[in-house]
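All remarks here apply to the structure that follows.
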There are 2 protein chains.
Amino acid sequence: ICLVAAEVNACQHRLSLSLSLRQEIMKWNGWGYSDSRFLFNKKGQAEFTGKRYRLSGLILPSLKDWFEGTFGANLQHKSPATPTVNLSAVAPPDLNEPFVEDLKAAGVAMSHDPEDRVFRAHGHCLHEIFALREGRIGRVPDMVVWPSCHKDVEKIVELACKHNVCLIPYGGGTSVSSALECPREETRSIVSLDTSQMNRILWIDEKNLTAHVEAGIIGQDLERQLNERGYCTGHEPDSMEFSSLGGWVATRASGMKKNIYGNIEELVVHIKMVTPRGVIEKSCLGPRMSTGPDIHHFILGSEGTLGVVTEVTLKIRPIPEYQKYGSVVFPNFQQGVACLREVARQRCAPASIRLMDNEQFQFGHALKPQVSSIFTSFLDGLKKFYITKFKGFDPHHLCVATLLFEGDRGKVLQHEKQVYDIAAKFGIHYKKHLCVCVQDLGMDYYVIGESFETSVPWDRVLDLCRNVKERIVRECKERGVQFPPLSTCRVTQTYDAGACVYFYFAFNYRGLSDPVHVYEQVEHAAREEILANGGSLSHHHGVGKLRKEWMKESVSGVGLGMLKSVKEYVDPQNVFGNRNLL
Amino acid sequence: ICLVAAEVNACQHRLSLSLSLRQEIMKWNGWGYSDSRFLFNKKGQAEFTGKRYRLSGLILPSLKDWFEGTFGANLQHKSPATPTVNLSAVAPPDLNEPFVEDLKAAGVAMSHDPEDRVFRAHGHCLHEIFALREGRIGRVPDMVVWPSCHKDVEKIVELACKHNVCLIPYGGGTSVSSALECPREETRSIVSLDTSQMNRILWIDEKNLTAHVEAGIIGQDLERQLNERGYCTGHEPDSMEFSSLGGWVATRASGMKKNIYGNIEELVVHIKMVTPRGVIEKSCLGPRMSTGPDIHHFILGSEGTLGVVTEVTLKIRPIPEYQKYGSVVFPNFQQGVACLREVARQRCAPASIRLMDNEQFQFGHALKPQVSSIFTSFLDGLKKFYITKFKGFDPHHLCVATLLFEGDRGKVLQHEKQVYDIAAKFGIHYKKHLCVCVQDLGMDYYVIGESFETSVPWDRVLDLCRNVKERIVRECKERGVQFPPLSTCRVTQTYDAGACVYFYFAFNYRGLSDPVHVYEQVEHAAREEILANGGSLSHHHGVGKLRKEWMKESVSGVGLGMLKSVKEYVDPQNVFGNRNLL
C-alpha cells in the first residue's frame, strides 16, 4: 500500500541527506529510503525497518491481522519485486551528439548511465512503481544533466533550443501525476535536467525575513539549514523529505502547516525561471503588487512545461518556541467534519488539523507498536474503554482529528483552549497525538493502492466523501476485485470556504490479469465522482499527464487556451516537452 | 489637493446611493459627491460642506493658516473651475451604426448623450480633472452601453467583435492610472461598457460563507446589502464609496482591513469574465487548487484589456461584534516604521494600521473642527502639552499611527494589549483616533497635487520615503515651482516582508505656464526614485497608461511577452482596446 507518507514528517527524526548519495540510499522502486520499509518477519509479525522514524525497528503486532482481515491477503502468497533495476530492459540512449559536445565544452556534469536514467524516468504513481517492480522499463531519458547554478541552466536551455532536444526538469522525483513520464511519442533526445546540485541557500535577509534559495534544494535540507540559523519556512508537504523547492513551485504545493505559514504561493516572494524565451523575474521584492496579472502565477503550477525554476526568494520565520500535538475523537465522520468546519469558521485552525475517517483510525490502531511499559498500555486500555464503552462511541464509526499547535508557549496554550472548547461540542479531546504513517506495504502480497486528493466547498464535503468511497467499492466489485477494497479518506486542510480531502484506496489483486489497469479504471471513476460532487481536479498534486483529460472542463476552453498561448510564446519549440498539463 | 479620500471610510456615515442617480450626485470634475467639498467661506474660514461625513457642515478654523502657510497660497487669488461640463468641446459621436442597430435589437440600454460620454471618459488623475476644470475635453467614448446581466455582456462582446468596435469597461470610474482615457490613436468607434446596472447579489451561501455578486456593484452598496444579512466582505479600499467589484478584480485592489479579510486576490473564490474568445470560468468552487497556473491570476490585474468581469464569488464573514480605533504617537518617522515592522514581525497587525509622517500629522491638526465642548478642548490641550513638552517630542518630527481593531470584544481587547505593548517601545498610545480625510481642496487656489503608491521591502522603507520626498522637493524647485511643495507619505499596509507606502505631493502652481506638465514631470522623477530604491511600480493602483513605460522593467521582457501572448489569444482584434498595461 503506497498509501503515502502522511504525517511521517510530524514524527520523524530528520536526518541530513547528502545529495550525492540520494540515489544510493533511496528505493529505486518505491517511496523513500531503502532502509525504511514494512516487512513481515519469520514469525509473521510486521516490522518497520531502519532507524529513521519513530516506528523504525519496532514490531507492530496488530498489523498482520489488520492486513489480512482488510485485504483478504495471505502472507504465504507473495508477489516479490525484481530485486534490482532491470538494466537489460533499458533502451540505449539516443544522444544528440552536438548537444553533448557543446555541453561538455560548457563544463556541465552529465551522464547516460542506465541507472541514472531509470531513476529519473518516473515519479511515484502506482503504475510507475508497479512496472519497475516487474522489471518493465518504458521510455527513459537519454541522458541526465546536473547544472550547478542558474547560469548553467541558462546555458543548458540555450543549447537545448539550439540543438532541439527535449528537456524534462527533475527535482525530488516525488510526482504522483505521471509528470515525469517521458512521452512515448517524443522523437527527440530527452534530457533529464536534475536540479539537485543547485541546492544552496544564497542569502538570508534577517531584516525582511526572507531567504534566497536555489530551487533544487530538498525540503528537509532547506529546513535543517534554516533551523541552524534560527529560522524555518514552515513549509511541510508530506513529501518534504524528498521533494524540492522548484517542484513545490512548479506544482503549487501545499504544506501541512499552511494555516501558519501559507501554501507555496503565499510563501514565495520572488521566482526566477529560465525559459527558452529568456529569464522570467521581477525587478523588485515588494511584498505585494498591482502591476498587471501576477507573473508568479504563470509559473506556479506550470509543471515543467515552461522552463526551470532556478532561484526562489521565500519568506522565513523564527523557529517557533513551542509545538504541541493533540487529538480529538468523534463519534462519527459527520461530527468530525462539523468540528473542522466550525474551527475554520472561527478562523482559529491550529498549524495543522486533519481528520481521519474510521478506516484510517482502525489502521492507526493496527500500527501500534509492541509496548513494554505497563503504564502506557494501561492508559491505552483506559482510553479504549472510554471511547468504546463510556461514551458509547461505536468503534466502527468513530474517527479522529490530529492537531498541531505551534508558536509562543503562552499563545499555544491559549489557542489550544479555544480549539478544544469548540471541539468539545463535537467530540472528546485526547492529549495523545494519533498519527498514521504508511509507506509501501502490501505490494509484496498482491495488494496495491494509492492516494489522490481534491478541494471542495464545505457543504459538499460529506456527500463527496461518502459518494467517492462508495463508488470505489462499487467499481472494484464490478471490475472483478475479489475482496472489498480499503476505501478511506481524510480531511487534511481547512480553508474559509472549503477543505482538502485525501482519498486512499487499496485492494487485493489476486486473480486479476491487469491489476494496474483495474486500479486506474477505479481511480478514474473516483475522479469523475469527485468532479460530479463539486470537487476540484487537484488541491496540490497537480495535473501532470494523469489528469489532463479534465483540464478543459476545469478551467474552461478559454482558460486552457490562455495557458496554451503562454506555452506557445515561452517555448515555441516545445523544448520543455514533458507534455504535462495542456 | 486631491490628496485622496484616505480614511474617509472609517469616519463616514454610509449612505445608500441609488445607482441611477450616481451621475447626478457626483462631481463631474473631481472626487466624490457634489455636495461634499472643502471651501473657504466669506470669513475666510474653511468649511466642509454637505451632510455625509464626520467633518460635514463643520468649520475648520486652522485649515486656512495651514493652507496658506504650506503652499504660500493666497485666498484672494482664485482659479475657479468651469462651472459645468463644456459640452461644446465634446466631439460628435462616431457611431458604428450596424453595431447600434444590433444592440437595439438585443434590447441593451445605450446612450450617446455628451454628458454620459464625458462622465465615463476619465478617472481621477490630476491631468484628467484639471482638463475638465478648464473645460478641455479630449477623446471621449462615442457611446455608453449598460448591460443588465452576464448574458447582456456576452451579447455586447459578440457584437463588438462582429462589428469591430472598441470596448472600454467602466466600473466606478475611480482609476488613478489614466486607465479610462480613450486612446487618441483609436480609429474605431469607442463604446464605454458601464457595468453599473449589474449590481445584484445573486446568492449568499451561509454554509460556505460566500456570496455570488454581479461585478458592477459599488463597494458601499455591496457592504450595506451584506450587512443587512449579517455579513460583510471586509474589503475597504479607500475608494469603496465609488469603486466597483469588477474594478477591484481588474486592478488587484487592496483593502484597508486586508490584515483580517485579505486583499482582493484572497477574497475571490471564483471569477467569471466575458472575453472575445468566450467565457472564462472554473468548474468548481474548491477553496484552493493545483490545476495548472491559476487562471484567476490572468484576470486579476488585467485592467480591462481582456474582457469584462461579470460575476464574482467572494468570501464573506459575519459582521464583527466590535470595532475599536486607536492611535500611537512616535517621536519621529523612523520609530514609527520600526514599530510597524515589529508588529508585522510578530504577525499581530490589527485590521488596519497606518503610519502618517509629520507633514500629514500637521495637516490632520489643521483639519480639527471648531469645538464647542470645553472638556474636549481641554483634553486636546493636555494631549498637546503631553506630546510637545512632557515627552519632549518635537512637533516638527513626531508622527502618528492610526489603528483599527475588529472582532469579538474579548479578542479585540486582548489584541489591543498585545499591539500597544509592542508600540510602547517606540511611542505613546493615544486612545483617540486621529484620522485624516482629504478631498479636492486647493485647485480653486492654484494648488494641485495627487498621490501615488508603491510596495517595498521593510529594510528599504525609510530610505525610500526620505529619498522620494526629497526628490519631489528638489524636482519642484528645479522646475520653477516658487514655493516648496507639500511632500508627504504614509505607510498604509504591512506585510511579512515589506510595506505599502503612499506618497502625496502638492504645490502652488502660480506662475507656471503648464502646471500639469510640471506635476507629471515631478511624479515621473518620483517614480524613478521609487524604483531605484527597491519599490514596486504599484501596490494597488495598477499600471493603466500612466506607468506602462516601466512594465518591461518590472516584469522582465519575458514576463511582458507572456502577458501579451494572453492578450493576443483572448482578444486578437483588440476589441478591449483601452491600451492599458501592455
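Lettering and numbering for the C-alpha cells are positional, with chains as A, B, ... in the shown order, residues counted from 1 in each chain, and ligands counted from 1 in the shown order.
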- [ ] If you run DSSP over the backbone, which residues in range 176-408 of chain A end up helix (DSSP H, G or I)? Put them as an NGL selection string.
- [x] :A and (195-197 or 219-228 or 245-251 or 258-261 or 264-267 or 296-299 or 333-345 or 358-366 or 374-390)
- Message: Which residues are close to Val329 in chain A, i.e. within 7 Å by only C-alpha atoms, leaving aside same-chain residues fewer than 3 positions away? Reply as a ChimeraX atom specification.
- Response: /A:398-401,427-430
request  = For range 355-361 of chain B, work out the shell of residues within 8 Å, counting only C-alpha atoms and skipping chain neighbours fewer than 2 positions away, then give it as an NGL selection string.
outcome  = :B and (332-333 or 336-337 or 340 or 353 or 363-365 or 395-402 or 436 or 486-492)
Considering only C-alpha atoms, give me a table of residues in chain B that are at most 7 Å from chain A, with the closest atom pair and distance in Å for each, as a tab-separated table.
residue	atom	partner	partner_atom	distance
B:Lys207	CA	A:Asp459	CA	6.1
B:Asn208	CA	A:Ala497	CA	4.9
B:Leu209	CA	A:Ala497	CA	6.2
B:Thr251	CA	A:Ser290	CA	6.5
B:Arg252	CA	A:Ser290	CA	5.5
B:Arg277	CA	A:Val558	CA	6.4
B:Gly278	CA	A:Val558	CA	6.3
B:Val279	CA	A:Val558	CA	6.7
B:Ile280	CA	A:Val558	CA	5.6
B:Glu281	CA	A:Ser556	CA	5.9
B:Lys282	CA	A:Val555	CA	4.5
B:Ser283	CA	A:Ser554	CA	4.9
B:Cys284	CA	A:Gly534	CA	5.8
B:Leu285	CA	A:Pro457	CA	6.2
B:Gly286	CA	A:Val456	CA	4.2
B:Pro287	CA	A:Gly498	CA	5.2
B:Arg288	CA	A:His539	CA	6.0
B:Met289	CA	A:His539	CA	4.2
B:Ser290	CA	A:His540	CA	4.7
B:Thr291	CA	A:Gly542	CA	5.4
B:Gly292	CA	A:Gly301	CA	4.3
B:Pro293	CA	A:Gly301	CA	4.5
B:Asp294	CA	A:His297	CA	6.1
B:Ile295	CA	A:Gly559	CA	6.3
B:His297	CA	A:Pro293	CA	5.6
B:Phe298	CA	A:Pro293	CA	5.3
B:Ile299	CA	A:Pro293	CA	6.5
B:Leu300	CA	A:Pro293	CA	5.6
B:Gly301	CA	A:Gly292	CA	4.3
B:Ser302	CA	A:Gly292	CA	5.6
B:Ser455	CA	A:Gly286	CA	4.8
B:Val456	CA	A:Gly286	CA	4.2
B:Pro457	CA	A:Gly286	CA	5.3
B:Trp458	CA	A:Asn208	CA	5.6
B:Asp459	CA	A:Lys207	CA	6.1
B:Tyr495	CA	A:Pro287	CA	6.4
B:Ala497	CA	A:Asn208	CA	4.9
B:Gly498	CA	A:Pro287	CA	5.2
B:Ala499	CA	A:Pro287	CA	6.7
B:Gly534	CA	A:Cys284	CA	5.8
B:Gly535	CA	A:Gly286	CA	6.1
B:Ser536	CA	A:Gly286	CA	5.7
B:Leu537	CA	A:Thr291	CA	6.4
B:Ser538	CA	A:Ser290	CA	5.3
B:His539	CA	A:Met289	CA	4.2
B:His540	CA	A:Ser290	CA	4.7
B:His541	CA	A:Ser290	CA	6.5
B:Gly542	CA	A:Ser290	CA	4.9
B:Val543	CA	A:Thr291	CA	5.7
B:Glu553	CA	A:Ser283	CA	6.4
B:Ser554	CA	A:Ser283	CA	4.9
B:Val555	CA	A:Lys282	CA	4.5
B:Ser556	CA	A:Glu281	CA	5.9
B:Val558	CA	A:Ile280	CA	5.6
B:Gly559	CA	A:Ile280	CA	5.8
B:Met562	CA	A:Val566	CA	5.4
B:Ser565	CA	A:Ser565	CA	5.8
B:Val566	CA	A:Met562	CA	5.5
B:Tyr569	CA	A:Ser565	CA	6.3
B:Leu581	CA	A:Gly292	CA	6.5
- Query: Which polymer residues have any atom within 7 Å of an atom of range 74-90 of chain B, counting only C-alpha atoms, with same-chain residues fewer than 2 positions away left out, as JSON, numbers by chain?
  - Reply: {"B": [68, 72, 92, 114, 133, 134, 135, 136, 137, 443, 444, 445, 446]}
Those residues you just picked out, can you put them in a file as a PDB file, in the first residue's frame with N, CA and C atoms?
ATOM      1  N   GLU B  68      -2.432  78.355   3.652  1.00  0.00           N
ATOM      2  CA  GLU B  68      -1.633  79.483   3.169  1.00  0.00           C
ATOM      3  C   GLU B  68      -0.154  79.297   3.523  1.00  0.00           C
ATOM      4  N   GLY B  72       2.002  78.696   0.427  1.00  0.00           N
ATOM      5  CA  GLY B  72       2.202  80.086   0.026  1.00  0.00           C
ATOM      6  C   GLY B  72       1.043  80.553  -0.847  1.00  0.00           C
ATOM      7  N   PRO B  92     -18.787  65.198 -31.794  1.00  0.00           N
ATOM      8  CA  PRO B  92     -19.960  64.344 -32.029  1.00  0.00           C
ATOM      9  C   PRO B  92     -19.541  62.883 -32.071  1.00  0.00           C
ATOM     10  N   PRO B 114     -23.820  63.587 -24.706  1.00  0.00           N
ATOM     11  CA  PRO B 114     -22.441  64.024 -24.425  1.00  0.00           C
ATOM     12  C   PRO B 114     -22.070  63.967 -22.940  1.00  0.00           C
ATOM     13  N   ARG B 133     -11.770  70.785 -15.449  1.00  0.00           N
ATOM     14  CA  ARG B 133     -12.000  72.069 -14.792  1.00  0.00           C
ATOM     15  C   ARG B 133     -11.762  73.237 -15.743  1.00  0.00           C
ATOM     16  N   GLU B 134     -10.834  73.046 -16.652  1.00  0.00           N
ATOM     17  CA  GLU B 134     -10.535  74.111 -17.609  1.00  0.00           C
ATOM     18  C   GLU B 134     -11.429  74.046 -18.843  1.00  0.00           C
ATOM     19  N   GLY B 135     -12.340  73.062 -18.862  1.00  0.00           N
ATOM     20  CA  GLY B 135     -13.257  72.964 -19.988  1.00  0.00           C
ATOM     21  C   GLY B 135     -12.658  72.281 -21.206  1.00  0.00           C
ATOM     22  N   ARG B 136     -11.484  71.659 -21.011  1.00  0.00           N
ATOM     23  CA  ARG B 136     -10.882  70.927 -22.129  1.00  0.00           C
ATOM     24  C   ARG B 136     -11.368  69.479 -22.100  1.00  0.00           C
ATOM     25  N   ILE B 137     -11.848  69.005 -23.220  1.00  0.00           N
ATOM     26  CA  ILE B 137     -12.365  67.637 -23.322  1.00  0.00           C
ATOM     27  C   ILE B 137     -11.579  66.938 -24.424  1.00  0.00           C
ATOM     28  N   MET B 443      -7.488  73.307  -5.577  1.00  0.00           N
ATOM     29  CA  MET B 443      -7.465  73.564  -7.009  1.00  0.00           C
ATOM     30  C   MET B 443      -8.075  74.936  -7.319  1.00  0.00           C
ATOM     31  N   ASP B 444      -8.980  75.352  -6.441  1.00  0.00           N
ATOM     32  CA  ASP B 444      -9.584  76.673  -6.622  1.00  0.00           C
ATOM     33  C   ASP B 444      -8.596  77.798  -6.339  1.00  0.00           C
ATOM     34  N   TYR B 445      -7.462  77.438  -5.754  1.00  0.00           N
ATOM     35  CA  TYR B 445      -6.499  78.471  -5.319  1.00  0.00           C
ATOM     36  C   TYR B 445      -5.099  78.180  -5.836  1.00  0.00           C
ATOM     37  N   TYR B 446      -5.039  77.691  -7.057  1.00  0.00           N
ATOM     38  CA  TYR B 446      -3.744  77.462  -7.692  1.00  0.00           C
ATOM     39  C   TYR B 446      -2.887  76.408  -6.994  1.00  0.00           C
TER      40      TYR B 446
END
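Of the listed residues (B:Val461, B:Val157, B:Val176, B:Ala73), B:Val176 comes nearest to Ile129 in chain B; the distances count only C-alpha atoms.
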Pairwise distance, CA of Cys182 in chain B with CA of Gly123 in chain B, equals 10.9 Å
The distance between CA of His163 in chain A and CA of Pro98 in chain A is 7.1 Å
Compile the contact shell of range 412-421 of chain B as a list in words: residues with an atom at most 7 Å away, counting only C-alpha atoms, same-chain residues fewer than 6 positions apart removed. Val343, Cys348, Phe405, Glu406 and His429 of chain B
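Here CA of Pro484 in chain B is placed at a distance of 19.1 Å from CA of Leu126 in chain B.
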Item to complete: List the neighbours of Pro93 in chain B out to 8 Å using only C-alpha atoms; skip same-chain residues closer than 2 positions along the sequence, and give me the result as a list in words.
Response: Ala91, Leu95, His112, Pro141, Asp142 and Met143 of chain B
